[in-house]
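The data block below is query35.txt; it holds compact mmCIF, C-alpha atoms and all ligand atoms.
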```
# COMPACT_ATOMS: atom_id res chain seq x y z
CA MET A 1 80.37 98.80 124.53
CA ALA A 2 80.31 100.49 121.15
CA ILE A 3 81.72 103.32 119.08
CA LEU A 4 79.95 106.18 117.34
CA THR A 5 81.07 106.78 113.74
CA ILE A 6 80.41 109.97 111.78
CA GLU A 7 80.67 110.43 108.00
CA SER A 8 80.38 113.79 106.22
CA THR A 9 83.12 113.80 103.58
CA CYS A 10 80.95 114.74 100.61
CA ASP A 11 77.16 115.01 100.38
CA GLU A 12 75.87 112.30 102.70
CA THR A 13 75.47 112.99 106.41
CA ALA A 14 75.69 109.70 108.28
CA ALA A 15 76.25 108.25 111.73
CA ALA A 16 76.37 104.72 113.09
CA VAL A 17 76.74 102.99 116.42
CA ILE A 18 78.88 99.88 116.09
CA ALA A 19 79.44 97.32 118.82
CA ASP A 20 82.88 96.01 119.75
CA ASP A 21 82.21 92.85 117.77
CA GLY A 22 81.34 94.83 114.62
CA GLN A 23 77.59 94.48 114.91
CA VAL A 24 75.72 97.55 113.67
CA MET A 25 73.48 98.70 116.53
CA GLY A 26 72.18 101.86 114.93
CA SER A 27 72.67 103.65 111.62
CA ALA A 28 71.22 106.81 110.09
CA LEU A 29 71.89 108.59 106.82
CA ALA A 30 70.56 111.82 105.34
CA THR A 31 71.19 112.18 101.65
CA GLN A 32 71.47 115.56 99.92
CA THR A 33 70.71 114.39 96.39
CA GLU A 34 67.66 116.65 96.09
CA LEU A 35 69.78 119.71 96.93
CA HIS A 36 72.46 119.03 94.33
CA GLU A 37 70.45 117.62 91.45
CA GLN A 38 69.45 121.06 90.14
CA PHE A 39 73.20 121.76 89.72
CA ARG A 40 73.88 118.23 88.39
CA GLY A 41 76.85 117.95 90.72
CA VAL A 42 77.74 118.40 94.37
CA VAL A 43 78.10 122.08 95.30
CA PRO A 44 80.57 122.22 98.23
CA GLU A 45 78.99 125.26 99.94
CA VAL A 46 75.50 123.77 99.72
CA ALA A 47 76.80 120.44 101.05
CA ALA A 48 78.49 122.04 104.06
CA ARG A 49 75.38 124.01 105.03
CA ALA A 50 73.21 120.93 104.74
CA HIS A 51 75.61 118.94 106.95
CA VAL A 52 75.22 121.61 109.66
CA GLU A 53 71.45 121.12 109.67
CA ARG A 54 71.53 117.34 109.54
CA ILE A 55 74.45 116.16 111.59
CA LEU A 56 72.97 116.31 115.08
CA PRO A 57 69.61 114.75 114.11
CA VAL A 58 71.46 111.95 112.29
CA ILE A 59 73.70 111.26 115.31
CA GLU A 60 70.64 111.30 117.61
CA MET A 61 68.83 108.85 115.34
CA ALA A 62 71.75 106.41 115.27
CA LEU A 63 72.07 106.55 119.07
CA ALA A 64 68.30 106.19 119.56
CA GLU A 65 68.21 103.12 117.33
CA ALA A 66 71.14 101.61 119.22
CA GLY A 67 69.32 102.33 122.47
CA ILE A 68 72.44 103.08 124.46
CA PRO A 69 73.38 106.21 126.42
CA PRO A 70 76.56 108.09 125.39
CA GLU A 71 78.30 106.81 128.56
CA GLN A 72 78.47 103.39 126.93
CA LEU A 73 80.45 104.65 123.96
CA ARG A 74 84.15 103.85 123.94
CA ALA A 75 85.14 106.42 121.30
CA ILE A 76 83.87 108.91 118.73
CA ALA A 77 85.18 108.19 115.24
CA VAL A 78 84.95 110.52 112.26
CA ALA A 79 86.04 110.52 108.62
CA GLN A 80 88.76 113.20 108.63
CA THR A 81 90.35 112.69 105.17
CA PRO A 82 89.96 113.04 102.18
CA GLY A 83 86.88 115.00 101.13
CA LEU A 84 85.35 118.44 100.65
CA ALA A 85 86.87 120.85 103.18
CA GLY A 86 83.59 122.37 104.39
CA SER A 87 81.91 118.97 104.64
CA LEU A 88 84.80 117.40 106.55
CA LEU A 89 84.89 120.35 108.96
CA ILE A 90 81.29 119.85 110.05
CA GLY A 91 81.83 116.17 110.85
CA LEU A 92 85.13 116.72 112.62
CA THR A 93 83.79 119.64 114.65
CA ALA A 94 80.76 117.61 115.74
CA ALA A 95 82.99 114.66 116.67
CA LYS A 96 85.43 116.80 118.64
CA THR A 97 82.60 118.53 120.49
CA LEU A 98 81.01 115.22 121.49
CA ALA A 99 84.41 113.80 122.44
CA ILE A 100 84.95 116.72 124.80
CA ALA A 101 81.40 116.76 126.17
CA TRP A 102 81.25 113.01 126.75
CA GLN A 103 84.97 112.65 127.58
CA LYS A 104 85.66 110.02 124.96
CA PRO A 105 88.74 109.49 122.80
CA LEU A 106 88.58 110.64 119.18
CA ILE A 107 89.44 108.36 116.25
CA ALA A 108 90.27 109.74 112.79
CA ILE A 109 89.08 107.62 109.87
CA ASN A 110 90.58 107.67 106.39
CA HIS A 111 87.45 107.63 104.20
CA LEU A 112 89.17 105.67 101.41
CA TYR A 113 90.43 102.99 103.78
CA ALA A 114 86.86 102.76 105.04
CA HIS A 115 85.54 102.24 101.48
CA ILE A 116 87.76 99.13 101.19
CA TYR A 117 86.85 98.03 104.73
CA ALA A 118 83.19 97.96 103.60
CA CYS A 119 84.16 94.67 101.90
CA GLN A 120 85.22 93.24 105.28
CA LEU A 121 81.90 93.81 107.01
CA GLY A 122 79.94 90.67 107.74
CA ARG A 123 82.83 88.37 106.80
CA GLU A 124 84.39 85.86 109.16
CA THR A 125 87.83 85.79 107.56
CA SER A 126 90.10 88.74 106.84
CA ILE A 127 89.96 90.25 103.35
CA TYR A 128 93.56 91.44 103.83
CA PRO A 129 96.04 91.30 102.16
CA CYS A 130 94.26 92.35 98.98
CA VAL A 131 94.30 94.87 96.17
CA GLY A 132 91.73 97.59 96.82
CA LEU A 133 89.93 99.47 94.06
CA ILE A 134 87.97 102.56 95.04
CA VAL A 135 85.69 103.94 92.36
CA SER A 136 83.49 106.80 93.48
CA GLY A 137 82.40 110.30 92.53
CA GLY A 138 85.56 111.74 94.01
CA HIS A 139 88.12 108.96 93.64
CA THR A 140 89.42 106.26 91.38
CA SER A 141 92.41 104.60 93.01
CA LEU A 142 94.17 101.31 93.45
CA TYR A 143 95.87 100.29 96.68
CA ASP A 144 98.02 97.41 97.80
CA CYS A 145 96.29 96.69 101.12
CA ARG A 146 98.48 94.76 103.57
CA GLY A 147 96.07 95.31 106.45
CA PRO A 148 93.02 97.50 107.16
CA LEU A 149 95.27 100.40 108.20
CA GLU A 150 98.22 99.61 105.95
CA LEU A 151 97.50 100.74 102.40
CA ARG A 152 100.10 101.50 99.75
CA TYR A 153 98.92 103.76 96.93
CA LEU A 154 99.50 102.13 93.54
CA GLY A 155 97.90 104.74 91.32
CA GLY A 156 94.79 106.73 90.67
CA THR A 157 93.08 109.21 88.43
CA ILE A 158 95.10 112.13 87.19
CA ASP A 159 91.96 114.13 86.37
CA ASP A 160 88.28 113.16 86.75
CA ALA A 161 87.09 110.28 88.92
CA ALA A 162 85.09 107.52 87.23
CA GLY A 163 81.85 108.50 88.99
CA GLU A 164 82.41 112.14 88.09
CA ALA A 165 82.67 111.12 84.41
CA PHE A 166 79.34 109.26 84.72
CA ASP A 167 77.80 112.35 86.31
CA LYS A 168 79.12 114.68 83.60
CA VAL A 169 78.03 112.47 80.71
CA ALA A 170 74.58 112.18 82.30
CA ALA A 171 74.42 115.98 82.53
CA MET A 172 75.29 116.35 78.81
CA LEU A 173 72.54 113.89 77.90
CA GLY A 174 70.01 115.54 80.20
CA LEU A 175 69.77 112.43 82.40
CA ASP A 176 69.17 112.44 86.15
CA PHE A 177 71.69 113.21 88.89
CA PRO A 178 73.58 111.27 90.17
CA GLY A 179 74.55 110.17 86.71
CA GLY A 180 75.89 106.68 87.42
CA PRO A 181 72.54 104.95 87.98
CA ALA A 182 70.92 106.95 85.13
CA VAL A 183 73.65 106.20 82.58
CA SER A 184 73.80 102.52 83.54
CA ARG A 185 70.01 102.25 83.24
CA ALA A 186 70.05 103.83 79.77
CA ALA A 187 73.01 101.63 78.79
CA LEU A 188 70.91 98.49 79.30
CA GLU A 189 69.29 99.02 75.90
CA GLY A 190 72.45 100.23 74.16
CA ASP A 191 75.24 98.74 72.07
CA PRO A 192 78.62 99.08 73.86
CA LYS A 193 80.37 98.91 70.48
CA ALA A 194 78.29 101.62 68.79
CA PHE A 195 80.93 104.30 69.47
CA SER A 196 84.64 103.73 69.90
CA PHE A 197 85.50 106.03 72.79
CA PRO A 198 89.11 106.30 74.09
CA ARG A 199 90.51 104.00 76.78
CA SER A 200 93.04 106.48 78.18
CA LEU A 201 96.26 105.14 79.74
CA LEU A 202 95.07 101.58 79.13
CA ASN A 203 98.47 100.40 77.90
CA LYS A 204 100.62 102.60 80.13
CA PRO A 205 102.61 100.43 82.54
CA ASN A 206 101.28 102.20 85.65
CA PHE A 207 98.09 102.25 87.71
CA ASP A 208 96.95 105.74 86.83
CA PHE A 209 93.61 106.53 85.25
CA SER A 210 92.32 109.43 83.16
CA PHE A 211 88.66 109.95 82.29
CA SER A 212 88.73 113.55 81.14
CA GLY A 213 89.54 112.64 77.51
CA LEU A 214 86.70 110.15 77.46
CA LYS A 215 84.28 112.80 78.71
CA THR A 216 85.51 115.19 76.00
CA ALA A 217 85.13 112.47 73.34
CA VAL A 218 81.48 112.03 74.35
CA ARG A 219 81.00 115.79 74.20
CA TYR A 220 82.45 116.02 70.68
CA GLU A 221 80.17 113.22 69.60
CA LEU A 222 77.21 115.30 70.78
CA VAL A 223 77.97 118.93 69.96
CA GLY A 224 81.36 119.31 68.33
CA PRO A 225 84.47 121.19 69.57
CA GLY A 226 83.97 124.47 71.40
CA GLU A 227 80.22 124.03 71.78
CA LYS A 228 78.84 123.77 75.32
CA ASP A 229 75.10 124.04 74.81
CA PHE A 230 73.48 120.63 75.07
CA SER A 231 69.93 121.92 75.27
CA GLN A 232 69.29 121.63 71.53
CA LEU A 233 70.25 117.96 71.27
CA ASP A 234 67.72 115.87 69.42
CA LEU A 235 68.72 112.31 70.15
CA SER A 236 66.58 109.22 69.88
CA ALA A 237 66.31 106.97 72.93
CA GLN A 238 68.44 104.42 71.05
CA GLN A 239 71.19 106.96 70.38
CA VAL A 240 71.27 107.92 74.06
CA ALA A 241 71.39 104.25 75.02
CA ASP A 242 74.25 103.58 72.58
CA ILE A 243 76.29 106.52 73.85
CA CYS A 244 75.72 105.44 77.46
CA ALA A 245 76.63 101.81 76.76
CA SER A 246 79.76 102.76 74.77
CA PHE A 247 80.89 105.27 77.39
CA GLN A 248 80.25 102.83 80.25
CA GLN A 249 82.20 100.10 78.46
CA ALA A 250 85.19 102.41 77.94
CA VAL A 251 85.28 103.18 81.70
CA ILE A 252 84.89 99.52 82.60
CA ASP A 253 87.58 98.27 80.20
CA VAL A 254 90.18 100.51 81.83
CA LEU A 255 89.07 99.76 85.41
CA VAL A 256 89.17 96.02 84.78
CA ALA A 257 92.50 96.00 82.91
CA LYS A 258 94.35 98.04 85.55
CA SER A 259 92.78 96.21 88.50
CA ARG A 260 93.67 92.76 87.24
CA ARG A 261 97.23 93.91 86.49
CA ALA A 262 97.49 95.32 90.03
CA VAL A 263 96.39 91.94 91.42
CA THR A 264 98.99 90.12 89.31
CA ASP A 265 101.82 92.55 90.12
CA SER A 266 101.06 92.50 93.86
CA ARG A 267 100.66 88.71 93.80
CA ALA A 268 97.39 89.27 95.65
CA GLU A 269 94.74 86.62 96.08
CA ARG A 270 91.82 88.98 96.06
CA LEU A 271 90.49 92.25 94.72
CA CYS A 272 88.19 94.26 97.01
CA VAL A 273 86.09 96.98 95.44
CA GLY A 274 84.26 99.88 97.09
CA GLY A 275 82.81 103.29 96.21
CA GLY A 276 79.60 104.35 94.49
CA VAL A 277 80.57 103.16 90.99
CA ALA A 278 81.06 99.63 92.38
CA ALA A 279 77.25 99.47 92.44
CA ASN A 280 77.42 99.21 88.62
CA ARG A 281 76.30 95.72 87.59
CA VAL A 282 78.17 95.62 84.27
CA LEU A 283 81.39 96.58 86.07
CA ARG A 284 80.79 93.87 88.68
CA ALA A 285 80.21 91.26 85.98
CA ALA A 286 83.34 92.31 84.04
CA LEU A 287 85.47 92.18 87.20
CA GLN A 288 84.03 88.76 88.05
CA GLN A 289 84.93 87.48 84.61
CA ALA A 290 88.51 88.76 85.05
CA ALA A 291 88.66 87.12 88.49
CA ASP A 292 87.48 83.79 87.09
CA GLU A 293 89.97 83.94 84.21
CA ASP A 294 92.95 84.96 86.36
CA GLY A 295 92.03 82.90 89.41
CA PHE A 296 91.66 85.58 92.09
CA GLU A 297 88.76 86.21 94.45
CA LEU A 298 86.55 89.24 93.87
CA ILE A 299 84.82 90.91 96.79
CA VAL A 300 82.59 93.88 96.06
CA ALA A 301 81.04 95.79 98.95
CA PRO A 302 77.28 95.27 99.30
CA PRO A 303 75.45 97.96 97.25
CA GLU A 304 74.22 99.88 100.32
CA LEU A 305 77.81 100.06 101.60
CA CYS A 306 79.31 101.10 98.24
CA THR A 307 78.04 104.66 98.44
CA ASP A 308 79.05 106.84 101.38
CA ASN A 309 77.83 105.63 104.77
CA ALA A 310 78.94 105.56 108.41
CA VAL A 311 78.80 101.78 108.82
CA MET A 312 82.10 101.35 106.98
CA GLY A 313 83.49 103.56 109.78
CA ALA A 314 83.68 100.22 111.64
CA ILE A 315 87.31 100.39 110.53
CA ALA A 316 87.71 102.63 113.60
CA LEU A 317 87.45 99.46 115.74
CA GLU A 318 90.84 98.48 114.29
CA LYS A 319 92.29 101.74 115.60
CA LEU A 320 90.49 101.35 118.93
CA ALA A 321 92.12 97.94 119.37
CA ILE A 322 95.59 99.51 119.17
CA GLU A 323 94.53 102.71 120.97
CA ASP A 324 95.41 104.81 117.95
CA PHE A 325 93.55 107.93 119.02
CA ALA A 326 93.67 111.37 117.42
CA PRO A 327 94.54 114.50 119.40
CA LEU A 328 91.76 117.07 119.72
CA SER A 329 94.01 119.45 117.77
CA ILE A 330 93.70 117.28 114.66
CA ASP A 331 92.63 119.15 111.54
CA ILE A 332 90.79 118.02 108.44
CA GLN A 333 92.89 116.83 105.49
CA PRO A 334 90.83 117.42 102.32
CA GLY A 335 93.50 116.24 99.86
CA LEU A 336 94.46 112.67 99.07
CA GLN A 337 97.59 111.52 100.90
CA ARG A 338 99.50 109.08 98.76
O1 LIG B 1 81.00 106.72 96.92
P1 LIG B 1 80.00 107.74 96.51
O2 LIG B 1 78.64 107.67 97.11
O3 LIG B 1 80.48 109.19 96.81
C1 LIG B 1 81.77 109.60 96.74
O4 LIG B 1 82.54 109.37 97.72
O5 LIG B 1 82.10 110.15 95.66
O6 LIG B 1 79.91 107.65 94.91
C2 LIG B 1 79.01 108.42 94.18
C3 LIG B 1 79.30 108.21 92.70
C4 LIG B 1 78.51 109.15 91.79
O7 LIG B 1 79.40 109.75 90.88
C5 LIG B 1 77.53 108.22 91.08
O8 LIG B 1 77.21 108.67 89.79
C6 LIG B 1 78.30 106.92 91.06
O9 LIG B 1 78.95 106.88 92.31
N1 LIG B 1 77.42 105.76 90.88
C7 LIG B 1 77.47 104.93 89.80
C8 LIG B 1 76.42 103.98 89.97
N2 LIG B 1 75.79 104.26 91.15
C9 LIG B 1 76.41 105.34 91.68
N3 LIG B 1 78.28 104.94 88.73
C10 LIG B 1 78.08 103.99 87.79
N4 LIG B 1 77.10 103.06 87.87
C11 LIG B 1 76.26 103.01 88.93
N5 LIG B 1 75.29 102.09 88.99
ZN ZN B 2 83.18 107.95 99.31
```
Please render this file's structure as structure tokens.
Amino acid sequence: MAILTIESTCDETAAAVIADDGQVMGSALATQTELHEQFRGVVPEVAARAHVERILPVIEMALAEAGIPPEQLRAIAVAQTPGLAGSLLIGLTAAKTLAIAWQKPLIAINHLYAHIYACQLGRETSIYPCVGLIVSGGHTSLYDCRGPLELRYLGGTIDDAAGEAFDKVAAMLGLDFPGGPAVSRAALEGDPKAFSFPRSLLNKPNFDFSFSGLKTAVRYELVGPGEKDFSQLDLSAQQVADICASFQQAVIDVLVAKSRRAVTDSRAERLCVGGGVAANRVLRAALQQAADEDGFELIVAPPELCTDNAVMGAIALEKLAIEDFAPLSIDIQPGLQR
């Protein structure tokens, strides 16, 4: 027996078939990067329309790979919060329709809880309790995770998410979308101390983040206040590399400082990190150094499970075990519930 999981919170359309024991039987993902790169950011309306086209083929592919008929599914699980409203609606509507047609219970997944759960996959022992750090294009938050379904919000960004800041800086510099991989590639050749960009809220005794000031500081370095045209920039490859490295280091310094303080305050033994930005190697290395110094365990989700996917929807098995099903009247919840 297995469950079907569906993910459509942002710009990836994904489905997976996961056996009772957590084994991934089938998995399919359609990315929309090529649709959004011309805008250098995810356009919600474009994302929703693309989900409509892709969701059924993706579900069919996951089921075909698993090689089981729908009768053998125990439940249909879907990421229902948080995310882009239009994107979430497509996934939830597909899941509800299949639940009715195949007479299966529906399970609602919290996408952020699933990002942390990505660290659990393939591990024999429980990662919980832990401190969870989610760093993605839409979120930057810290949680005290008592169990897979028991997360207490410690703090998060009050403006831009870390990944969003990477994307915006990449756009200013004319680098590729998504910006994270492009900025981190350019940063390889740069000096992280070349520019002293702000580390907002670093010394505030809370777990909130702010990356909007950092983004503005990079902008002022490039074009000066009030100016928004980046097309005339004439930067050498070294200057671009230095800006990228300095910007990246500013983001990382804050993420590392707040995460290690959250681990200490919560008296946790481990820090589990998920979300697209967790794919960043310099961030991983800095977190590992903090873990070694402070004596906690660091678990970062495997790179392919850092960015959005349906496999981390395996968290739905935890809800299946306690028969925590969602009514068919359940609605999407785009905003973050704290
Ligand atoms: O988790 P994700 O796929 O989607 C959201 O739920 O937001 O994360 C995507 C974000 C993008 O902003 C992308 O620029 C960022 O993750 N990202 C990175 C790296 N790879 C992806 N940021 C920094 N360094 C990377 N290597
Ligand atoms: Zn995500």
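For ligand ZN 2 (chain B), the set of protein, DNA and RNA residues within 10 Å, based on only C-alpha atoms and all ligand atoms, reads Glu7, Ser8, Thr9, Cys10, Asp11, Glu12, Pro82, Gly83, His111, Leu112, Tyr113, Ala114, His115, Ile134, Val135, Ser136, Gly137, Gly138, His139, Gly274, Gly275, Gly276, Val277, Leu305, Cys306, Thr307, Asp308 and Asn309 of chain A.
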Box dimensions and centre (Å, one decimal) enclosing range 92-108 of chain A, axis-aligned, 8 Å extra per side, as JSON:
```
{"center_x": 85.5, "center_y": 114.0, "center_z": 120.1, "size_x": 25.5, "size_y": 27.3, "size_z": 31.0}
```
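Separating CA of Val300 in chain A from CA of Gln120 in chain A is a distance of 9.6 Å.
With distances restricted to all atoms listed in the file, A:Ile109 is the closest residue to Leu317 in chain A from A:Ile109, A:Ile59, A:Ala182, A:Val42.
One distance worth recording is that between CA of Leu92 in chain A and CA of Arg49 in chain A, which is 14.3 Å.
One finds CA of Glu34 in chain A at 20.8 Å from CA of Met61 in chain A.
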Item to check | Exercise: range 78-81 of chain A partners within 8 Å, all atoms listed in the file, chain neighbours under 5 positions left out, as number ranges by chain | outcome: A: 5-9, 88, 91-92, 95, 106-111, 313, 331-336
Write out the residues from the selection above, keeping C-alpha atoms, as a CSV table (one decimal), in the frame of the given file.
```csv
chain,number,residue,atom,x,y,z
A,5,THR,CA,81.1,106.8,113.7
A,6,ILE,CA,80.4,110.0,111.8
A,7,GLU,CA,80.7,110.4,108.0
A,8,SER,CA,80.4,113.8,106.2
A,9,THR,CA,83.1,113.8,103.6
A,88,LEU,CA,84.8,117.4,106.6
A,91,GLY,CA,81.8,116.2,110.8
A,92,LEU,CA,85.1,116.7,112.6
A,95,ALA,CA,83.0,114.7,116.7
A,106,LEU,CA,88.6,110.6,119.2
A,107,ILE,CA,89.4,108.4,116.2
A,108,ALA,CA,90.3,109.7,112.8
A,109,ILE,CA,89.1,107.6,109.9
A,110,ASN,CA,90.6,107.7,106.4
A,111,HIS,CA,87.4,107.6,104.2
A,313,GLY,CA,83.5,103.6,109.8
A,331,ASP,CA,92.6,119.2,111.5
A,332,ILE,CA,90.8,118.0,108.4
A,333,GLN,CA,92.9,116.8,105.5
A,334,PRO,CA,90.8,117.4,102.3
A,335,GLY,CA,93.5,116.2,99.9
A,336,LEU,CA,94.5,112.7,99.1
```
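Among the candidates A:Leu201, A:Leu35, A:Ala161, A:Ala15, the residue lying nearest to ligand LIG 1 (chain B) is A:Ala161 (atoms considered: all atoms listed in the file).
The shell of residues at most 8 Å from Leu121 in chain A, with all atoms listed in the file counted and near chain neighbours (fewer than 3 positions) removed, consists of A:Gly22, A:Tyr117, A:Ala118, A:Met312.
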Next on the checklist: Just want the 8 Å neighbourhood of range 217-223 of chain A, counted on all atoms listed in the file, with same-chain residues fewer than 5 positions away dropped. Output as JSON, numbers by chain.
Outcome noted: {"A": [169, 172, 197, 198, 228, 229, 230, 233, 243, 247]}
Checklist outcome for this item: Using all atoms listed in the file, the shortest atom-to-atom distance to ligand LIG 1 (chain B) among A:Cys130, A:Val183, A:Val43, A:Ala194 belongs to A:Val183
